[in-house]
$ cat protein_2.pdb   # PDB, N, CA and C atoms
ATOM      1  N   ILE A 236      -0.206  11.851 -26.143
ATOM      2  CA  ILE A 236      -0.754  10.511 -26.269
ATOM      3  C   ILE A 236       0.000   9.567 -25.338
ATOM      4  N   PHE A 237       1.332   9.746 -25.274
ATOM      5  CA  PHE A 237       2.124   8.898 -24.392
ATOM      6  C   PHE A 237       1.670   9.060 -22.944
ATOM      7  N   VAL A 238       1.430  10.284 -22.527
ATOM      8  CA  VAL A 238       1.062  10.543 -21.132
ATOM      9  C   VAL A 238      -0.260   9.880 -20.781
ATOM     10  N   VAL A 239      -1.209   9.916 -21.694
ATOM     11  CA  VAL A 239      -2.510   9.289 -21.432
ATOM     12  C   VAL A 239      -2.355   7.782 -21.281
ATOM     13  N   PHE A 240      -1.638   7.157 -22.204
ATOM     14  CA  PHE A 240      -1.451   5.710 -22.118
ATOM     15  C   PHE A 240      -0.589   5.311 -20.921
ATOM     16  N   PHE A 241       0.406   6.126 -20.604
ATOM     17  CA  PHE A 241       1.251   5.853 -19.435
ATOM     18  C   PHE A 241       0.428   5.948 -18.152
ATOM     19  N   GLY A 242      -0.375   6.988 -18.035
ATOM     20  CA  GLY A 242      -1.226   7.138 -16.855
ATOM     21  C   GLY A 242      -2.237   6.015 -16.725
ATOM     22  N   LEU A 243      -2.835   5.638 -17.828
ATOM     23  CA  LEU A 243      -3.793   4.535 -17.815
ATOM     24  C   LEU A 243      -3.121   3.225 -17.432
ATOM     25  N   CYS A 244      -1.949   2.980 -17.963
ATOM     26  CA  CYS A 244      -1.220   1.746 -17.659
ATOM     27  C   CYS A 244      -0.831   1.683 -16.182
ATOM     28  N   ILE A 245      -0.320   2.774 -15.636
ATOM     29  CA  ILE A 245       0.060   2.804 -14.224
ATOM     30  C   ILE A 245      -1.178   2.656 -13.338
ATOM     31  N   ALA A 246      -2.269   3.312 -13.693
ATOM     32  CA  ALA A 246      -3.500   3.196 -12.903
ATOM     33  C   ALA A 246      -4.037   1.771 -12.910
ATOM     34  N   LEU A 247      -3.954   1.112 -14.043
ATOM     35  CA  LEU A 247      -4.432  -0.271 -14.126
ATOM     36  C   LEU A 247      -3.498  -1.235 -13.413
ATOM     37  N   LEU A 248      -2.199  -0.951 -13.416
ATOM     38  CA  LEU A 248      -1.261  -1.825 -12.713
ATOM     39  C   LEU A 248      -1.395  -1.697 -11.200
ATOM     40  N   THR A 249      -1.512  -0.478 -10.705
ATOM     41  CA  THR A 249      -1.563  -0.282  -9.249
ATOM     42  C   THR A 249      -2.953  -0.503  -8.679
ATOM     43  N   ARG A 250      -3.966  -0.220  -9.477
ATOM     44  CA  ARG A 250      -5.371  -0.326  -9.044
ATOM     45  C   ARG A 250      -5.651   0.509  -7.802
ATOM     46  N   ASN A 251      -4.912   1.592  -7.677
ATOM     47  CA  ASN A 251      -5.080   2.510  -6.561
ATOM     48  C   ASN A 251      -4.873   3.922  -7.110
ATOM     49  N   PHE A 252      -5.899   4.762  -6.977
ATOM     50  CA  PHE A 252      -5.854   6.091  -7.561
ATOM     51  C   PHE A 252      -4.736   6.938  -6.959
ATOM     52  N   LEU A 253      -4.602   6.924  -5.647
ATOM     53  CA  LEU A 253      -3.608   7.757  -4.978
ATOM     54  C   LEU A 253      -2.178   7.309  -5.313
ATOM     55  N   LEU A 254      -1.929   6.011  -5.276
ATOM     56  CA  LEU A 254      -0.600   5.493  -5.590
ATOM     57  C   LEU A 254      -0.218   5.781  -7.041
ATOM     58  N   SER A 255      -1.156   5.600  -7.962
ATOM     59  CA  SER A 255      -0.848   5.872  -9.368
ATOM     60  C   SER A 255      -0.577   7.356  -9.596
ATOM     61  N   ASN A 256      -1.294   8.210  -8.888
ATOM     62  CA  ASN A 256      -1.073   9.643  -8.998
ATOM     63  C   ASN A 256       0.331  10.020  -8.521
ATOM     64  N   VAL A 257       0.755   9.450  -7.396
ATOM     65  CA  VAL A 257       2.091   9.727  -6.856
ATOM     66  C   VAL A 257       3.175   9.193  -7.796
ATOM     67  N   LEU A 258       3.000   7.990  -8.322
ATOM     68  CA  LEU A 258       3.995   7.405  -9.233
ATOM     69  C   LEU A 258       4.142   8.218 -10.514
ATOM     70  N   ILE A 259       3.034   8.645 -11.084
ATOM     71  CA  ILE A 259       3.083   9.407 -12.328
ATOM     72  C   ILE A 259       3.705  10.782 -12.087
ATOM     73  N   SER A 260       3.329  11.434 -11.000
ATOM     74  CA  SER A 260       3.902  12.748 -10.690
ATOM     75  C   SER A 260       5.401  12.645 -10.423
ATOM     76  N   SER A 261       5.820  11.618  -9.711
ATOM     77  CA  SER A 261       7.245  11.427  -9.428
ATOM     78  C   SER A 261       8.025  11.115 -10.699
ATOM     79  N   PHE A 262       7.454  10.285 -11.551
ATOM     80  CA  PHE A 262       8.120   9.958 -12.814
ATOM     81  C   PHE A 262       8.273  11.196 -13.681
ATOM     82  N   ALA A 263       7.249  12.040 -13.722
ATOM     83  CA  ALA A 263       7.311  13.244 -14.553
ATOM     84  C   ALA A 263       8.429  14.172 -14.093
ATOM     85  N   VAL A 264       8.551  14.367 -12.787
ATOM     86  CA  VAL A 264       9.598  15.248 -12.267
ATOM     87  C   VAL A 264      10.983  14.647 -12.513
ATOM     88  N   ALA A 265      11.153  13.365 -12.219
ATOM     89  CA  ALA A 265      12.456  12.714 -12.410
ATOM     90  C   ALA A 265      12.852  12.677 -13.887
ATOM     91  N   ALA A 266      11.909  12.382 -14.759
ATOM     92  CA  ALA A 266      12.203  12.317 -16.190
ATOM     93  C   ALA A 266      12.552  13.693 -16.743
ATOM     94  N   THR A 267      11.845  14.712 -16.292
ATOM     95  CA  THR A 267      12.148  16.073 -16.750
ATOM     96  C   THR A 267      13.510  16.521 -16.253
ATOM     97  N   PHE A 268      13.858  16.150 -15.023
ATOM     98  CA  PHE A 268      15.171  16.496 -14.483
ATOM     99  C   PHE A 268      16.287  15.816 -15.267
ATOM    100  N   LEU A 269      16.148  14.500 -15.507
ATOM    101  CA  LEU A 269      17.183  13.766 -16.245
ATOM    102  C   LEU A 269      17.295  14.222 -17.697
ATOM    103  N   ALA A 270      16.175  14.629 -18.285
ATOM    104  CA  ALA A 270      16.190  15.064 -19.681
ATOM    105  C   ALA A 270      16.756  16.463 -19.844
ATOM    106  N   GLY A 271      16.944  17.183 -18.744
ATOM    107  CA  GLY A 271      17.476  18.538 -18.821
ATOM    108  C   GLY A 271      16.393  19.572 -19.016
ATOM    109  N   GLY A 272      15.192  19.286 -18.535
ATOM    110  CA  GLY A 272      14.078  20.206 -18.691
ATOM    111  C   GLY A 272      14.135  21.403 -17.769
ATOM    112  N   TYR A 273      14.735  21.253 -16.618
ATOM    113  CA  TYR A 273      14.850  22.366 -15.673
ATOM    114  C   TYR A 273      16.134  23.140 -15.905
ATOM    115  N   PHE A 274      17.226  22.447 -16.045
ATOM    116  CA  PHE A 274      18.528  23.019 -16.388
ATOM    117  C   PHE A 274      19.368  21.905 -16.988
ATOM    118  N   ILE A 275      20.426  22.282 -17.664
ATOM    119  CA  ILE A 275      21.260  21.294 -18.360
ATOM    120  C   ILE A 275      21.998  20.443 -17.330
ATOM    121  N   VAL A 276      21.855  19.140 -17.466
ATOM    122  CA  VAL A 276      22.487  18.194 -16.554
ATOM    123  C   VAL A 276      23.560  17.431 -17.325
ATOM    124  N   ASP A 277      24.776  17.461 -16.821
ATOM    125  CA  ASP A 277      25.871  16.712 -17.443
ATOM    126  C   ASP A 277      25.982  15.365 -16.733
ATOM    127  N   ILE A 278      25.477  14.334 -17.385
ATOM    128  CA  ILE A 278      25.456  12.993 -16.805
ATOM    129  C   ILE A 278      26.639  12.214 -17.351
ATOM    130  N   ARG A 279      27.506  11.775 -16.455
ATOM    131  CA  ARG A 279      28.694  11.022 -16.868
ATOM    132  C   ARG A 279      28.555   9.517 -16.635
ATOM    133  N   ILE A 280      27.610   9.113 -15.818
ATOM    134  CA  ILE A 280      27.405   7.693 -15.537
ATOM    135  C   ILE A 280      26.697   7.055 -16.732
ATOM    136  N   ARG A 281      27.280   5.987 -17.233
ATOM    137  CA  ARG A 281      26.780   5.348 -18.458
ATOM    138  C   ARG A 281      25.342   4.851 -18.316
ATOM    139  N   PHE A 282      25.003   4.286 -17.164
ATOM    140  CA  PHE A 282      23.656   3.757 -16.946
ATOM    141  C   PHE A 282      22.622   4.881 -16.993
ATOM    142  N   LEU A 283      22.919   6.014 -16.358
ATOM    143  CA  LEU A 283      21.981   7.138 -16.369
ATOM    144  C   LEU A 283      21.877   7.767 -17.753
ATOM    145  N   GLN A 284      22.954   7.735 -18.522
ATOM    146  CA  GLN A 284      22.901   8.232 -19.896
ATOM    147  C   GLN A 284      21.959   7.376 -20.742
ATOM    148  N   THR A 285      22.009   6.070 -20.543
ATOM    149  CA  THR A 285      21.125   5.171 -21.282
ATOM    150  C   THR A 285      19.677   5.411 -20.912
ATOM    151  N   ILE A 286      19.408   5.570 -19.622
ATOM    152  CA  ILE A 286      18.040   5.848 -19.179
ATOM    153  C   ILE A 286      17.565   7.174 -19.751
ATOM    154  N   ARG A 287      18.420   8.197 -19.698
ATOM    155  CA  ARG A 287      18.048   9.516 -20.226
ATOM    156  C   ARG A 287      17.731   9.431 -21.713
ATOM    157  N   ASN A 288      18.513   8.687 -22.467
ATOM    158  CA  ASN A 288      18.287   8.589 -23.902
ATOM    159  C   ASN A 288      17.012   7.850 -24.251
ATOM    160  N   LEU A 289      16.491   7.043 -23.341
ATOM    161  CA  LEU A 289      15.248   6.309 -23.587
ATOM    162  C   LEU A 289      14.008   7.055 -23.109
ATOM    163  N   LEU A 290      14.187   8.111 -22.329
ATOM    164  CA  LEU A 290      13.043   8.867 -21.808
ATOM    165  C   LEU A 290      12.350   9.634 -22.933
ATOM    166  N   PRO A 291      11.024   9.600 -22.962
ATOM    167  CA  PRO A 291      10.296  10.334 -24.006
ATOM    168  C   PRO A 291      10.556  11.845 -23.940
ATOM    169  N   ASN A 292      10.754  12.380 -22.743
ATOM    170  CA  ASN A 292      11.045  13.810 -22.599
ATOM    171  C   ASN A 292      12.300  14.182 -23.384
ATOM    172  N   TYR A 293      13.345  13.398 -23.206
ATOM    173  CA  TYR A 293      14.620  13.680 -23.867
ATOM    174  C   TYR A 293      14.514  13.483 -25.379
ATOM    175  N   VAL A 294      13.790  12.460 -25.789
ATOM    176  CA  VAL A 294      13.642  12.188 -27.222
ATOM    177  C   VAL A 294      12.917  13.341 -27.905
ATOM    178  N   VAL A 295      11.840  13.811 -27.299
ATOM    179  CA  VAL A 295      11.085  14.920 -27.890
ATOM    180  C   VAL A 295      11.913  16.206 -27.873
ATOM    181  N   GLN A 296      12.584  16.467 -26.758
ATOM    182  CA  GLN A 296      13.399  17.669 -26.648
ATOM    183  C   GLN A 296      14.525  17.671 -27.686
ATOM    184  N   SER A 297      15.242  16.574 -27.803
ATOM    185  CA  SER A 297      16.345  16.520 -28.770
ATOM    186  C   SER A 297      15.829  16.545 -30.207
ATOM    187  N   THR A 298      14.659  15.980 -30.449
ATOM    188  CA  THR A 298      14.078  16.031 -31.793
ATOM    189  C   THR A 298      13.691  17.455 -32.171
ATOM    190  N   LEU A 299      13.079  18.170 -31.232
ATOM    191  CA  LEU A 299      12.714  19.558 -31.518
ATOM    192  C   LEU A 299      13.939  20.417 -31.763
ATOM    193  N   PHE A 300      14.976  20.244 -30.955
ATOM    194  CA  PHE A 300      16.195  21.018 -31.160
ATOM    195  C   PHE A 300      16.885  20.629 -32.465
ATOM    196  N   THR A 301      16.811  19.370 -32.840
ATOM    197  CA  THR A 301      17.384  18.940 -34.112
ATOM    198  C   THR A 301      16.630  19.570 -35.277
ATOM    199  N   LEU A 302      15.298  19.620 -35.172
ATOM    200  CA  LEU A 302      14.513  20.243 -36.239
ATOM    201  C   LEU A 302      14.809  21.735 -36.361
ATOM    202  N   ILE A 303      15.025  22.401 -35.226
ATOM    203  CA  ILE A 303      15.263  23.842 -35.255
ATOM    204  C   ILE A 303      16.673  24.171 -35.715
ATOM    205  N   TYR A 304      17.666  23.522 -35.111
ATOM    206  CA  TYR A 304      19.047  23.918 -35.335
ATOM    207  C   TYR A 304      19.793  23.113 -36.390
ATOM    208  N   ASN A 305      19.297  21.936 -36.732
ATOM    209  CA  ASN A 305      19.976  21.106 -37.731
ATOM    210  C   ASN A 305      18.927  20.350 -38.554
ATOM    211  N   PRO A 306      18.181  21.063 -39.390
ATOM    212  CA  PRO A 306      17.088  20.407 -40.123
ATOM    213  C   PRO A 306      17.549  19.371 -41.145
ATOM    214  N   SER A 307      18.841  19.284 -41.415
ATOM    215  CA  SER A 307      19.323  18.288 -42.369
ATOM    216  C   SER A 307      19.359  16.878 -41.772
ATOM    217  N   GLU A 308      19.229  16.751 -40.459
ATOM    218  CA  GLU A 308      19.237  15.441 -39.780
ATOM    219  C   GLU A 308      17.836  14.817 -39.803
ATOM    220  N   VAL A 309      17.362  14.507 -40.974
ATOM    221  CA  VAL A 309      16.014  13.960 -41.137
ATOM    222  C   VAL A 309      15.929  12.546 -40.574
ATOM    223  N   GLU A 310      16.994  11.777 -40.691
ATOM    224  CA  GLU A 310      16.985  10.397 -40.207
ATOM    225  C   GLU A 310      16.771  10.334 -38.696
ATOM    226  N   TYR A 311      17.397  11.234 -37.956
ATOM    227  CA  TYR A 311      17.225  11.253 -36.497
ATOM    228  C   TYR A 311      15.770  11.535 -36.136
ATOM    229  N   VAL A 312      15.163  12.454 -36.848
ATOM    230  CA  VAL A 312      13.759  12.792 -36.579
ATOM    231  C   VAL A 312      12.862  11.604 -36.900
ATOM    232  N   LYS A 313      13.132  10.919 -37.988
ATOM    233  CA  LYS A 313      12.339   9.733 -38.354
ATOM    234  C   LYS A 313      12.475   8.642 -37.296
ATOM    235  N   HIS A 314      13.695   8.391 -36.853
ATOM    236  CA  HIS A 314      13.913   7.345 -35.853
ATOM    237  C   HIS A 314      13.254   7.696 -34.523
ATOM    238  N   SER A 315      13.302   8.946 -34.142
ATOM    239  CA  SER A 315      12.682   9.328 -32.873
ATOM    240  C   SER A 315      11.164   9.245 -32.957
ATOM    241  N   LEU A 316      10.588   9.610 -34.081
ATOM    242  CA  LEU A 316       9.133   9.482 -34.232
ATOM    243  C   LEU A 316       8.702   8.019 -34.225
ATOM    244  N   ILE A 317       9.467   7.169 -34.865
ATOM    245  CA  ILE A 317       9.154   5.732 -34.850
ATOM    246  C   ILE A 317       9.256   5.197 -33.426
ATOM    247  N   TYR A 318      10.289   5.617 -32.694
ATOM    248  CA  TYR A 318      10.450   5.185 -31.302
ATOM    249  C   TYR A 318       9.254   5.615 -30.453
ATOM    250  N   LEU A 319       8.823   6.858 -30.607
ATOM    251  CA  LEU A 319       7.692   7.342 -29.810
ATOM    252  C   LEU A 319       6.393   6.634 -30.182
ATOM    253  N   ILE A 320       6.194   6.359 -31.453
ATOM    254  CA  ILE A 320       4.982   5.643 -31.879
ATOM    255  C   ILE A 320       4.991   4.223 -31.327
ATOM    256  N   VAL A 321       6.124   3.545 -31.397
ATOM    257  CA  VAL A 321       6.222   2.181 -30.848
ATOM    258  C   VAL A 321       5.997   2.191 -29.340
ATOM    259  N   LEU A 322       6.537   3.178 -28.656
ATOM    260  CA  LEU A 322       6.349   3.293 -27.211
ATOM    261  C   LEU A 322       4.873   3.495 -26.861
ATOM    262  N   CYS A 323       4.202   4.372 -27.586
ATOM    263  CA  CYS A 323       2.777   4.604 -27.337
ATOM    264  C   CYS A 323       1.930   3.372 -27.659
ATOM    265  N   LEU A 324       2.244   2.719 -28.753
ATOM    266  CA  LEU A 324       1.491   1.519 -29.113
ATOM    267  C   LEU A 324       1.698   0.386 -28.113
ATOM    268  N   SER A 325       2.918   0.246 -27.619
ATOM    269  CA  SER A 325       3.160  -0.812 -26.634
ATOM    270  C   SER A 325       2.413  -0.519 -25.330
ATOM    271  N   LEU A 326       2.391   0.736 -24.893
ATOM    272  CA  LEU A 326       1.617   1.076 -23.698
ATOM    273  C   LEU A 326       0.120   0.886 -23.936
ATOM    274  N   ALA A 327      -0.346   1.170 -25.147
ATOM    275  CA  ALA A 327      -1.760   0.968 -25.463
ATOM    276  C   ALA A 327      -2.128  -0.511 -25.414
ATOM    277  N   VAL A 328      -1.272  -1.355 -25.953
ATOM    278  CA  VAL A 328      -1.543  -2.801 -25.939
ATOM    279  C   VAL A 328      -1.520  -3.333 -24.506
ATOM    280  N   ILE A 329      -0.549  -2.901 -23.717
ATOM    281  CA  ILE A 329      -0.496  -3.323 -22.311
ATOM    282  C   ILE A 329      -1.739  -2.867 -21.570
ATOM    283  N   SER A 330      -2.165  -1.626 -21.817
ATOM    284  CA  SER A 330      -3.369  -1.111 -21.162
ATOM    285  C   SER A 330      -4.608  -1.893 -21.577
ATOM    286  N   LEU A 331      -4.692  -2.246 -22.839
ATOM    287  CA  LEU A 331      -5.847  -3.030 -23.294
ATOM    288  C   LEU A 331      -5.895  -4.398 -22.620
ATOM    289  N   PHE A 332      -4.757  -5.044 -22.480
ATOM    290  CA  PHE A 332      -4.737  -6.339 -21.802
ATOM    291  C   PHE A 332      -5.069  -6.204 -20.324
ATOM    292  N   LEU A 333      -4.604  -5.129 -19.700
ATOM    293  CA  LEU A 333      -4.900  -4.912 -18.285
ATOM    294  C   LEU A 333      -6.357  -4.521 -18.055
ATOM    295  N   MET A 334      -6.973  -3.868 -19.037
ATOM    296  CA  MET A 334      -8.382  -3.465 -18.901
ATOM    297  C   MET A 334      -9.316  -4.662 -18.878
ATOM    298  N   ARG A 335      -8.908  -5.727 -19.487
ATOM    299  CA  ARG A 335      -9.758  -6.918 -19.518
ATOM    300  C   ARG A 335      -9.944  -7.511 -18.124
ATOM    301  N   LYS A 336      -9.017  -7.237 -17.212
ATOM    302  CA  LYS A 336      -9.082  -7.801 -15.868
ATOM    303  C   LYS A 336      -9.740  -6.870 -14.854
ATOM    304  N   VAL A 337     -10.189  -5.699 -15.294
ATOM    305  CA  VAL A 337     -10.734  -4.687 -14.373
ATOM    306  C   VAL A 337     -12.247  -4.774 -14.376
ATOM    307  N   LYS A 338     -12.829  -4.652 -13.199
ATOM    308  CA  LYS A 338     -14.274  -4.583 -13.088
ATOM    309  C   LYS A 338     -14.723  -3.214 -13.566
ATOM    310  N   ALA A 339     -15.980  -3.123 -14.004
ATOM    311  CA  ALA A 339     -16.474  -1.892 -14.606
ATOM    312  C   ALA A 339     -16.517  -0.728 -13.604
ATOM    313  N   CYS A 340     -16.803  -1.003 -12.366
ATOM    314  CA  CYS A 340     -16.976   0.080 -11.390
ATOM    315  C   CYS A 340     -15.787   0.197 -10.423
ATOM    316  N   GLN A 341     -14.645  -0.341 -10.769
ATOM    317  CA  GLN A 341     -13.513  -0.368  -9.843
ATOM    318  C   GLN A 341     -12.939   1.019  -9.560
ATOM    319  N   PHE A 342     -12.897   1.901 -10.537
ATOM    320  CA  PHE A 342     -12.282   3.207 -10.364
ATOM    321  C   PHE A 342     -13.286   4.301 -10.048
ATOM    322  N   LEU A 343     -14.523   3.958  -9.760
ATOM    323  CA  LEU A 343     -15.544   4.972  -9.495
ATOM    324  C   LEU A 343     -15.509   5.475  -8.069
ATOM    325  N   ARG A 344     -14.724   4.849  -7.192
ATOM    326  CA  ARG A 344     -14.689   5.275  -5.798
ATOM    327  C   ARG A 344     -14.053   6.599  -5.619
TER
END
$ encode --input "protein_2.pdb" --output "structure tokens"
Amino acid sequence: IFVVFFGLCIALLTRNFLLSNVLISSFAVAATFLAGGYFIVDIRIRFLQTIRNLLPNYVVQSTLFTLIYNPSEVEYVKHSLIYLIVLCLSLAVISLFLMRKVKACQFLR
């Protein structure tokens, strides 16, 4: 759900199919790399740690590992689900506001 709303939001912001495609593809690769999706990354820079902790990839990955290896951490799972729901809802609201400014046939090219 996050990916759909994120893609829609980026497409509406850029109003260019090719640019939005490049931005979304680049974000997916960078976010997966920072979250440790390809291999474990030891990030020591505080700013990058904060960004990594806010990425949906990392939140979902750490939530799944918490459910598998430490099921007693119910609070962490609840907080991560609330975070993901708020993130999706905020992107949905932004997309709805941006859709009001789009012509009906703008993306048909």
$ closest_residue --input "protein_2.pdb" --among "A:Phe237, A:Leu269, A:Asn256, A:Thr249" --to "A:Arg287" --atoms "only N, CA and C atoms"
A:Leu269
$ resolve_selection --input "protein_2.pdb" --expression "the PyMOL selection byres (((chain A and resi 318 and name CA) around 12) and name CA)" --output "list in words"
Phe237, Asn288, Leu289, Leu290, Pro291, Val294, Val295, Thr298, Tyr311, Val312, Lys313, His314, Ser315, Leu316, Ile317, Leu319, Ile320, Val321, Leu322, Cys323, Leu324 and Ser325 of chain A
$ atom_distance --input "protein_2.pdb" --atom1 "atom CA of A:Val239" --atom2 "atom C of A:Val257"
14.8 Å
$ closest_residue --input "protein_2.pdb" --among "A:Leu253, A:Val328, A:Asp277, A:Ile259" --to "A:Phe241" --atoms "only C-alpha atoms"
A:Ile259
$ atom_distance --input "protein_2.pdb" --atom1 "atom CA of A:Ala263" --atom2 "atom CA of A:Ile280"
20.9 Å
